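Student: File name structure.cif; file contents mmCIF, C-alpha atoms; full text below.
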```
data_upload
loop_
_atom_site.label_atom_id
_atom_site.label_comp_id
_atom_site.auth_asym_id
_atom_site.auth_seq_id
_atom_site.Cartn_x
_atom_site.Cartn_y
_atom_site.Cartn_z
CA ILE A 1018 85.75 99.81 110.07
CA HIS A 1019 85.46 101.16 106.54
CA ARG A 1020 82.76 103.79 106.77
CA LEU A 1021 82.23 106.13 109.71
CA VAL A 1022 78.49 106.50 109.93
CA SER A 1023 78.38 109.57 112.14
CA ILE A 1024 80.77 112.24 113.34
CA ASP A 1025 80.16 114.38 116.42
CA THR A 1026 82.20 117.57 116.70
CA TYR A 1027 82.19 119.68 119.80
CA SER A 1028 82.73 123.39 120.29
CA ASP A 1029 84.10 124.90 123.48
CA ASN A 1030 80.66 126.09 124.59
CA ASN A 1031 78.75 122.82 124.56
CA ALA A 1032 81.54 120.23 124.65
CA THR A 1033 80.74 119.00 128.16
CA CYS A 1034 77.02 118.71 127.46
CA CYS A 1035 77.48 116.80 124.20
CA GLU A 1036 80.10 114.48 125.68
CA GLU A 1037 77.81 113.57 128.57
CA SER A 1038 74.92 112.95 126.16
CA ALA A 1039 77.07 110.77 123.90
CA GLU A 1040 78.32 108.74 126.85
CA GLU A 1041 74.76 108.09 128.00
CA GLU A 1042 73.62 106.88 124.57
CA ALA A 1043 76.70 104.88 123.55
CA SER A 1044 77.39 101.48 125.07
CA GLU A 1045 79.92 98.71 124.48
CA ILE A 1046 77.15 96.53 123.04
CA ASP A 1047 76.08 98.66 120.08
CA THR A 1048 78.71 101.36 119.56
CA ILE A 1049 82.33 101.63 118.51
CA GLN A 1050 83.99 104.88 119.52
CA LEU A 1051 86.82 106.37 117.46
CA GLN A 1052 88.88 109.48 118.02
CA LEU A 1053 90.83 111.79 115.76
CA LYS A 1054 93.00 114.21 117.72
CA ILE A 1055 95.86 115.91 115.91
CA LYS A 1056 97.50 119.34 115.91
CA CYS A 1057 99.69 120.95 113.27
CA SER A 1058 102.86 122.77 114.30
CA ARG A 1059 106.01 124.17 112.71
CA ASN A 1060 109.02 121.95 112.37
CA PRO A 1061 111.87 123.53 114.37
CA ARG A 1062 114.41 121.51 112.39
CA ALA A 1063 113.21 122.71 108.97
CA SER A 1064 115.64 124.54 106.71
CA LYS A 1065 115.12 128.32 106.46
CA ASP A 1066 115.22 128.17 102.67
CA SER A 1067 112.73 125.33 102.38
CA SER A 1068 109.26 125.88 100.91
CA ASP A 1069 108.11 122.27 101.10
CA PRO A 1070 105.14 121.89 103.51
CA ARG A 1071 106.25 118.34 104.26
CA GLU A 1072 109.46 119.77 105.74
CA LEU A 1073 108.10 123.01 107.23
CA TYR A 1074 105.18 121.53 109.18
CA LEU A 1075 104.48 118.60 111.46
CA ASN A 1076 101.20 116.68 111.25
CA HIS A 1077 99.91 118.90 108.43
CA MET A 1078 98.59 115.89 106.46
CA VAL A 1079 95.81 114.11 108.33
CA TYR A 1080 95.27 110.53 107.19
CA SER A 1081 92.90 107.77 108.22
CA LYS A 1082 95.78 106.12 110.07
CA HIS A 1083 95.51 108.91 112.68
CA ILE A 1084 92.05 107.67 113.70
CA GLU A 1085 92.32 105.74 116.96
CA TRP A 1086 89.93 103.31 118.54
CA VAL A 1087 88.72 104.21 122.05
CA PRO A 1088 87.42 101.03 123.77
CA ILE A 1089 84.15 101.36 125.68
CA GLY A 1090 83.41 99.14 128.65
CA ASN A 1091 84.87 95.65 128.13
CA GLN A 1092 85.57 96.11 124.40
CA ALA A 1093 89.33 95.99 124.99
CA ASP A 1094 88.95 92.39 126.20
CA VAL A 1095 86.29 91.37 123.66
CA PHE A 1096 88.31 92.63 120.67
CA ALA A 1097 91.73 91.84 122.11
CA ASP A 1098 92.68 89.68 119.11
CA SER A 1099 91.35 92.04 116.43
CA CYS A 1100 92.25 95.71 116.66
CA ILE A 1101 89.54 97.97 115.28
CA ARG A 1102 90.90 100.44 112.74
CA PRO A 1103 90.22 101.92 109.27
CA VAL A 1104 90.61 99.47 106.39
CA HIS A 1105 93.08 101.77 104.60
CA ASP A 1106 95.67 103.92 106.37
CA ASP A 1107 96.45 106.31 103.51
CA ILE A 1108 93.09 108.08 103.00
CA LEU A 1109 93.67 111.84 103.17
CA ILE A 1110 91.16 113.51 105.51
CA ALA A 1111 92.43 117.10 105.81
CA GLN A 1112 95.43 119.40 105.38
CA LEU A 1113 96.31 121.63 108.32
CA ARG A 1114 98.56 124.59 108.98
CA PRO A 1115 100.25 125.67 112.24
CA GLY A 1116 97.67 126.65 114.82
CA GLN A 1117 94.98 124.39 113.37
CA GLU A 1118 93.93 121.15 114.98
CA LEU A 1119 91.24 118.48 114.87
CA ASP A 1120 89.56 117.06 117.95
CA ILE A 1121 86.80 114.73 116.79
CA THR A 1122 84.94 111.91 118.49
CA MET A 1123 83.19 109.44 116.19
CA HIS A 1124 80.57 106.86 117.05
CA CYS A 1125 80.22 103.92 114.68
CA VAL A 1126 76.95 102.01 114.94
CA LYS A 1127 75.53 99.13 112.94
CA GLY A 1128 72.48 99.61 110.75
CA ILE A 1129 70.90 98.50 107.48
CA GLY A 1130 70.48 100.32 104.20
CA LYS A 1131 66.70 100.29 104.64
CA ASP A 1132 67.10 102.71 107.55
CA HIS A 1133 69.60 105.02 105.83
CA ALA A 1134 71.83 104.89 102.75
CA LYS A 1135 74.93 105.48 104.90
CA PHE A 1136 74.53 101.95 106.29
CA SER A 1137 74.46 100.31 102.84
CA PRO A 1138 77.47 98.03 102.28
CA VAL A 1139 77.07 98.34 98.49
CA ALA A 1140 78.75 101.12 96.52
CA THR A 1141 77.93 100.65 92.83
CA ALA A 1142 75.67 97.87 91.54
CA SER A 1143 74.81 97.40 87.87
CA TYR A 1144 73.83 94.72 85.41
CA ARG A 1145 73.97 94.11 81.66
CA LEU A 1146 72.89 91.43 79.24
CA LEU A 1147 75.45 88.95 77.99
CA PRO A 1148 76.73 90.07 74.57
CA GLU A 1149 76.20 87.61 71.72
CA ILE A 1150 78.51 87.77 68.69
CA THR A 1151 77.86 85.45 65.76
CA LEU A 1152 80.02 85.17 62.64
CA LEU A 1153 77.68 84.74 59.67
CA GLU A 1154 80.42 83.63 57.31
CA PRO A 1155 84.12 82.70 57.48
CA VAL A 1156 86.42 85.70 57.87
CA GLU A 1157 89.97 85.03 56.79
CA GLY A 1158 93.30 86.72 56.19
CA GLU A 1159 93.60 90.50 56.48
CA LYS A 1160 89.84 90.83 57.11
CA ALA A 1161 90.16 88.53 60.10
CA GLU A 1162 92.91 90.69 61.59
CA ARG A 1163 90.82 93.85 61.15
CA LEU A 1164 87.81 92.10 62.65
CA LYS A 1165 89.87 91.17 65.70
CA ARG A 1166 90.93 94.81 66.20
CA CYS A 1167 87.28 95.95 66.08
CA PHE A 1168 86.53 94.24 69.41
CA SER A 1169 88.00 94.31 72.88
CA ARG A 1170 91.02 92.15 73.55
CA GLY A 1171 90.05 88.52 74.03
CA VAL A 1172 86.72 88.63 72.16
CA ILE A 1173 88.00 87.52 68.74
CA ASP A 1174 90.99 85.27 68.16
CA LEU A 1175 92.69 83.97 65.05
CA GLU A 1176 93.22 80.28 64.44
CA ASP A 1177 95.28 78.63 61.72
CA VAL A 1178 93.23 76.62 59.25
CA ARG A 1179 95.23 75.14 56.37
CA GLY A 1180 97.72 77.97 56.56
CA ARG A 1181 95.07 80.68 56.61
CA LYS A 1182 94.17 82.92 59.57
CA VAL A 1183 90.47 82.49 60.38
CA ALA A 1184 88.56 84.64 62.90
CA LYS A 1185 86.82 82.89 65.78
CA VAL A 1186 84.66 84.21 68.63
CA VAL A 1187 86.45 83.21 71.83
CA ASN A 1188 84.78 85.16 74.65
CA SER A 1189 81.88 87.48 73.80
CA ARG A 1190 81.53 88.34 77.51
CA LEU A 1191 84.48 90.73 77.17
CA ASP A 1192 82.75 92.79 74.47
CA THR A 1193 82.15 96.44 75.38
CA CYS A 1194 79.58 97.10 72.63
CA SER A 1195 81.75 99.56 70.73
CA ARG A 1196 80.07 98.79 67.35
CA GLU A 1197 83.39 99.55 65.67
CA VAL A 1198 82.85 96.71 63.23
CA LEU A 1199 79.86 98.50 61.68
CA ARG A 1200 82.20 101.17 60.29
CA HIS A 1201 83.75 98.63 57.91
CA ASN A 1202 81.55 97.97 54.88
CA ASP A 1203 83.20 94.64 54.13
CA LEU A 1204 82.84 93.40 57.72
CA LYS A 1205 79.49 94.67 59.00
CA ASN A 1206 77.53 92.00 57.12
CA CYS A 1207 79.80 89.22 58.37
CA VAL A 1208 78.89 89.67 62.01
CA LYS A 1209 75.63 89.63 63.93
CA LEU A 1210 75.65 91.55 67.23
CA GLY A 1211 73.02 90.87 69.85
CA ARG A 1212 72.24 90.08 73.48
CA VAL A 1213 71.22 86.93 75.30
CA ARG A 1214 67.89 88.12 76.70
CA ASP A 1215 67.80 85.76 79.68
CA HIS A 1216 71.46 86.02 80.72
CA PHE A 1217 72.26 88.90 83.08
CA ILE A 1218 75.73 89.89 84.28
CA PHE A 1219 75.64 91.67 87.63
CA THR A 1220 78.51 93.81 88.91
CA VAL A 1221 78.47 94.55 92.64
CA GLU A 1222 81.06 96.80 94.29
CA SER A 1223 81.45 96.60 98.06
CA THR A 1224 82.36 99.48 100.38
CA GLY A 1225 84.56 97.04 102.30
CA ILE A 1226 82.22 96.03 105.10
CA MET A 1227 81.39 92.70 103.45
CA PRO A 1228 82.86 91.04 100.35
CA PRO A 1229 80.73 91.15 97.15
CA ASP A 1230 80.01 87.42 97.12
CA VAL A 1231 78.47 87.66 100.59
CA LEU A 1232 76.45 90.72 99.57
CA VAL A 1233 74.94 88.91 96.59
CA THR A 1234 74.13 85.84 98.68
CA GLU A 1235 72.44 87.91 101.38
CA ALA A 1236 70.51 89.93 98.78
CA ILE A 1237 69.16 86.72 97.25
CA LYS A 1238 68.03 85.55 100.69
CA VAL A 1239 66.15 88.83 101.21
CA LEU A 1240 64.53 88.52 97.79
CA MET A 1241 63.46 84.93 98.51
CA THR A 1242 61.94 86.02 101.83
CA LYS A 1243 59.97 88.80 100.15
CA CYS A 1244 58.73 86.42 97.46
CA GLN A 1245 57.61 83.92 100.09
CA THR A 1246 55.84 86.64 102.06
CA PHE A 1247 54.04 87.74 98.89
CA LEU A 1248 52.97 84.17 98.11
CA ASN A 1249 51.68 83.70 101.66
CA GLU A 1250 49.65 86.88 101.38
CA MET A 1251 48.12 85.69 98.11
CA ASN A 1252 47.25 82.29 99.56
CA SER A 1253 45.66 83.81 102.64
CA VAL A 1254 43.22 85.98 100.64
CA ASP A 1255 39.86 84.38 99.98
CA MET A 1256 38.90 84.67 96.35
CA GLU A 1257 35.20 85.33 95.92
#
```
As a first step, turn the structure in this file into structure tokens.
Tutor:
Amino acid sequence: IHRLVSIDTYSDNNATCCEESAEEEASEIDTIQLQLKIKCSRNPRASKDSSDPRELYLNHMVYSKHIEWVPIGNQADVFADSCIRPVHDDILIAQLRPGQELDITMHCVKGIGKDHAKFSPVATASYRLLPEITLLEPVEGEKAERLKRCFSRGVIDLEDVRGRKVAKVVNSRLDTCSREVLRHNDLKNCVKLGRVRDHFIFTVESTGIMPPDVLVTEAIKVLMTKCQTFLNEMNSVDME
């Protein structure tokens, strides 16, 4: 479980009512229940001269590892081989002081991003056109070395031709579009910078629920379904 989609907190006045309502709605089929119950206290073994909170207090740093799975119904048997827990154990949730505590019950349900953004498995998604770098004339010697430094590492490389260092475009994909080369009067006319208009580079970051390659594949399937639905609608309309 990477993202907790909803958190229910209970006060002393309505705790019983809310707990009963949550139990009625949640079931082992569609809900995973998690619990975070922790209390901060003073460390009786701490040195009197210490000022370090890590030594003075117990359980004052609340991490994701403190979240525990509470099986509902037969979930303990169904998920016996795969314990449900946060993906990362070292995510800091809160900092407490003696007398403070957290008593939280969380219900994790499955949904889709169309219903609410909190269900989306995608964090950041972006695209860019493939950079295109063309050398208009041979660049050799000291000019070649300066040309190489104008681009990101791996874009331009130097090859030995008859004892002379000659610049060569190795991987334009690594270019970050800095335009540094245009600051050099003797180099700016040697290079043509552009984009491949029909080559898109997509970057998809996952929240951890599904790997990026699966996200892209599933997104393409959804797009194909929408396109097919649109074509069916067009074919079913009688043109007068």
Student: Using all atoms listed in the file for the distances, tell me which of A:Ala1236, A:Val1126, A:Leu1051, A:Val1186 is nearest to Phe1168 of chain A.
Tutor: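 Closest to Phe1168 of chain A, using all atoms listed in the file: A:Val1186.
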Student: Find the residues near Val1139 of chain A: any atom within 12 Å, counting all atoms listed in the file, skip ones fewer than 5 places away on the same chain, and give them as a list in words.
Tutor: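 Near Val1139 of chain A, the qualifying residues are His1019, Arg1020, Ile1129, Gly1130, Ala1134, Thr1220, Val1221, Glu1222, Ser1223, Thr1224, Gly1225, Ile1226, Met1227, Pro1228, Pro1229, Asp1230, Val1231, Leu1232, Val1233, Glu1235 and Ala1236 of chain A.
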Student: Between A:Leu1113, A:Val1079, A:Lys1205, A:Gln1092, which residue has the minimum interatomic distance to Ile1046 of chain A, considering all atoms listed in the file?
Tutor: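 Ranked by minimum distance to Ile1046 of chain A, first place goes to A:Gln1092.
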Student: Please report the interatomic distance between atom CA of Asp1132 of chain A and atom CA of Gln1245 of chain A in Å with one decimal.
Tutor: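 Atom-to-atom, atom CA of Asp1132 of chain A and atom CA of Gln1245 of chain A are spaced 22.3 Å apart.
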Student: Which residue is closest to Ile1108 of chain A? Choose from A:Thr1246, A:Ser1081, A:Gln1052, A:Thr1151 and count only C-alpha atoms.
Tutor: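 For Ile1108 of chain A, the nearest of the candidates is A:Ser1081.
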Student: Give me the residues within 12 Å of Ile1101 of chain A as a list in words, counting only C-alpha atoms and dropping any in the same chain fewer than 5 places off.
Tutor: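 Listed by chain and then number, they are Ile1018, His1019, Ile1049, Gln1050, Leu1051, Gln1052, Lys1082, Ile1084, Glu1085, Trp1086, Val1087, Pro1088, Gln1092, Ala1093, Val1095, Phe1096 and Cys1125 of chain A.
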Student: Which residue, A:Lys1135, A:Arg1196, A:His1124, A:Arg1179, has the smallest gap to Cys1167 of chain A when you use all atoms listed in the file?
Tutor: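 Looking only at the distances to Cys1167 of chain A, the closest residue turns out to be A:Arg1196.
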Student: What lies within 10 Å of Val1187 of chain A using only C-alpha atoms, ignoring chain neighbours under 6 positions off, as a PyMOL selection string?
Tutor: chain A and resi 1150+1171-1175
Student: If I take atom CA of Asn1060 of chain A and atom CA of Gly1116 of chain A, how far is one from the other in Å, to one decimal?
Tutor: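 Computing it gives 12.5 Å between the two atoms.
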Student: Can you take the partial segment 1169-1180 of chain A, add all heavy atoms, and return it as a CSV table (one decimal), in the coordinates of the input?
Tutor:
```csv
chain,number,residue,atom,x,y,z
A,1169,SER,N,87.1,94.3,71.7
A,1169,SER,CA,88.0,94.3,72.9
A,1169,SER,C,88.9,93.1,72.9
A,1169,SER,O,88.6,92.1,72.2
A,1169,SER,CB,87.2,94.3,74.2
A,1169,SER,OG,86.3,95.4,74.2
A,1170,ARG,N,90.0,93.2,73.5
A,1170,ARG,CA,91.0,92.2,73.6
A,1170,ARG,C,90.4,90.9,74.2
A,1170,ARG,O,89.8,91.0,75.3
A,1170,ARG,CB,92.2,92.6,74.3
A,1170,ARG,CG,93.3,91.5,74.4
A,1170,ARG,CD,94.5,92.0,75.2
A,1170,ARG,NE,95.1,93.2,74.5
A,1170,ARG,CZ,96.2,93.8,75.0
A,1170,ARG,NH1,96.8,93.4,76.1
A,1170,ARG,NH2,96.7,94.8,74.3
A,1171,GLY,N,90.6,89.8,73.5
A,1171,GLY,CA,90.0,88.5,74.0
A,1171,GLY,C,88.7,88.1,73.5
A,1171,GLY,O,88.3,87.0,73.7
A,1172,VAL,N,88.0,89.0,72.7
A,1172,VAL,CA,86.7,88.6,72.2
A,1172,VAL,C,86.9,87.8,70.9
A,1172,VAL,O,86.3,86.7,70.8
A,1172,VAL,CB,85.9,89.9,71.8
A,1172,VAL,CG1,84.6,89.5,71.1
A,1172,VAL,CG2,85.6,90.7,73.1
A,1173,ILE,N,87.7,88.2,70.0
A,1173,ILE,CA,88.0,87.5,68.7
A,1173,ILE,C,89.4,87.0,68.7
A,1173,ILE,O,90.4,87.8,69.1
A,1173,ILE,CB,87.8,88.4,67.5
A,1173,ILE,CG1,86.3,89.0,67.5
A,1173,ILE,CG2,88.1,87.7,66.2
A,1173,ILE,CD1,85.3,87.9,67.3
A,1174,ASP,N,89.6,85.8,68.3
A,1174,ASP,CA,91.0,85.3,68.2
A,1174,ASP,C,91.2,84.7,66.8
A,1174,ASP,O,90.2,84.4,66.1
A,1174,ASP,CB,91.2,84.2,69.2
A,1174,ASP,CG,92.7,83.9,69.4
A,1174,ASP,OD1,93.5,84.7,68.8
A,1174,ASP,OD2,93.1,83.0,70.2
A,1175,LEU,N,92.4,84.5,66.4
A,1175,LEU,CA,92.7,84.0,65.0
A,1175,LEU,C,93.3,82.6,65.2
A,1175,LEU,O,94.2,82.3,66.0
A,1175,LEU,CB,93.7,84.9,64.3
A,1175,LEU,CG,93.3,86.3,64.1
A,1175,LEU,CD1,94.4,87.1,63.4
A,1175,LEU,CD2,92.0,86.5,63.4
A,1176,GLU,N,92.7,81.6,64.4
A,1176,GLU,CA,93.2,80.3,64.4
A,1176,GLU,C,93.7,79.9,63.0
A,1176,GLU,O,93.2,80.4,62.0
A,1176,GLU,CB,92.2,79.3,64.9
A,1176,GLU,CG,90.9,79.2,64.1
A,1176,GLU,CD,89.9,78.2,64.6
A,1176,GLU,OE1,90.2,77.6,65.7
A,1176,GLU,OE2,88.9,78.0,63.9
A,1177,ASP,N,94.7,79.0,63.0
A,1177,ASP,CA,95.3,78.6,61.7
A,1177,ASP,C,94.5,77.5,61.1
A,1177,ASP,O,94.4,76.4,61.8
A,1177,ASP,CB,96.7,78.3,61.9
A,1177,ASP,CG,97.5,78.0,60.6
A,1177,ASP,OD1,97.4,76.9,60.1
A,1177,ASP,OD2,98.2,79.0,60.2
A,1178,VAL,N,94.0,77.7,60.0
A,1178,VAL,CA,93.2,76.6,59.2
A,1178,VAL,C,93.8,76.5,57.8
A,1178,VAL,O,93.7,77.4,57.0
A,1178,VAL,CB,91.7,76.9,59.1
A,1178,VAL,CG1,91.0,75.8,58.4
A,1178,VAL,CG2,91.1,77.1,60.5
A,1179,ARG,N,94.6,75.4,57.7
A,1179,ARG,CA,95.2,75.1,56.4
A,1179,ARG,C,96.1,76.3,55.9
A,1179,ARG,O,96.1,76.8,54.8
A,1179,ARG,CB,94.2,74.8,55.3
A,1179,ARG,CG,93.3,73.6,55.6
A,1179,ARG,CD,92.5,73.3,54.3
A,1179,ARG,NE,91.6,72.2,54.6
A,1179,ARG,CZ,90.3,72.3,55.0
A,1179,ARG,NH1,89.9,73.5,55.2
A,1179,ARG,NH2,89.6,71.3,55.2
A,1180,GLY,N,96.8,76.9,56.9
A,1180,GLY,CA,97.7,78.0,56.6
A,1180,GLY,C,97.1,79.3,56.5
A,1180,GLY,O,97.7,80.3,56.1
```
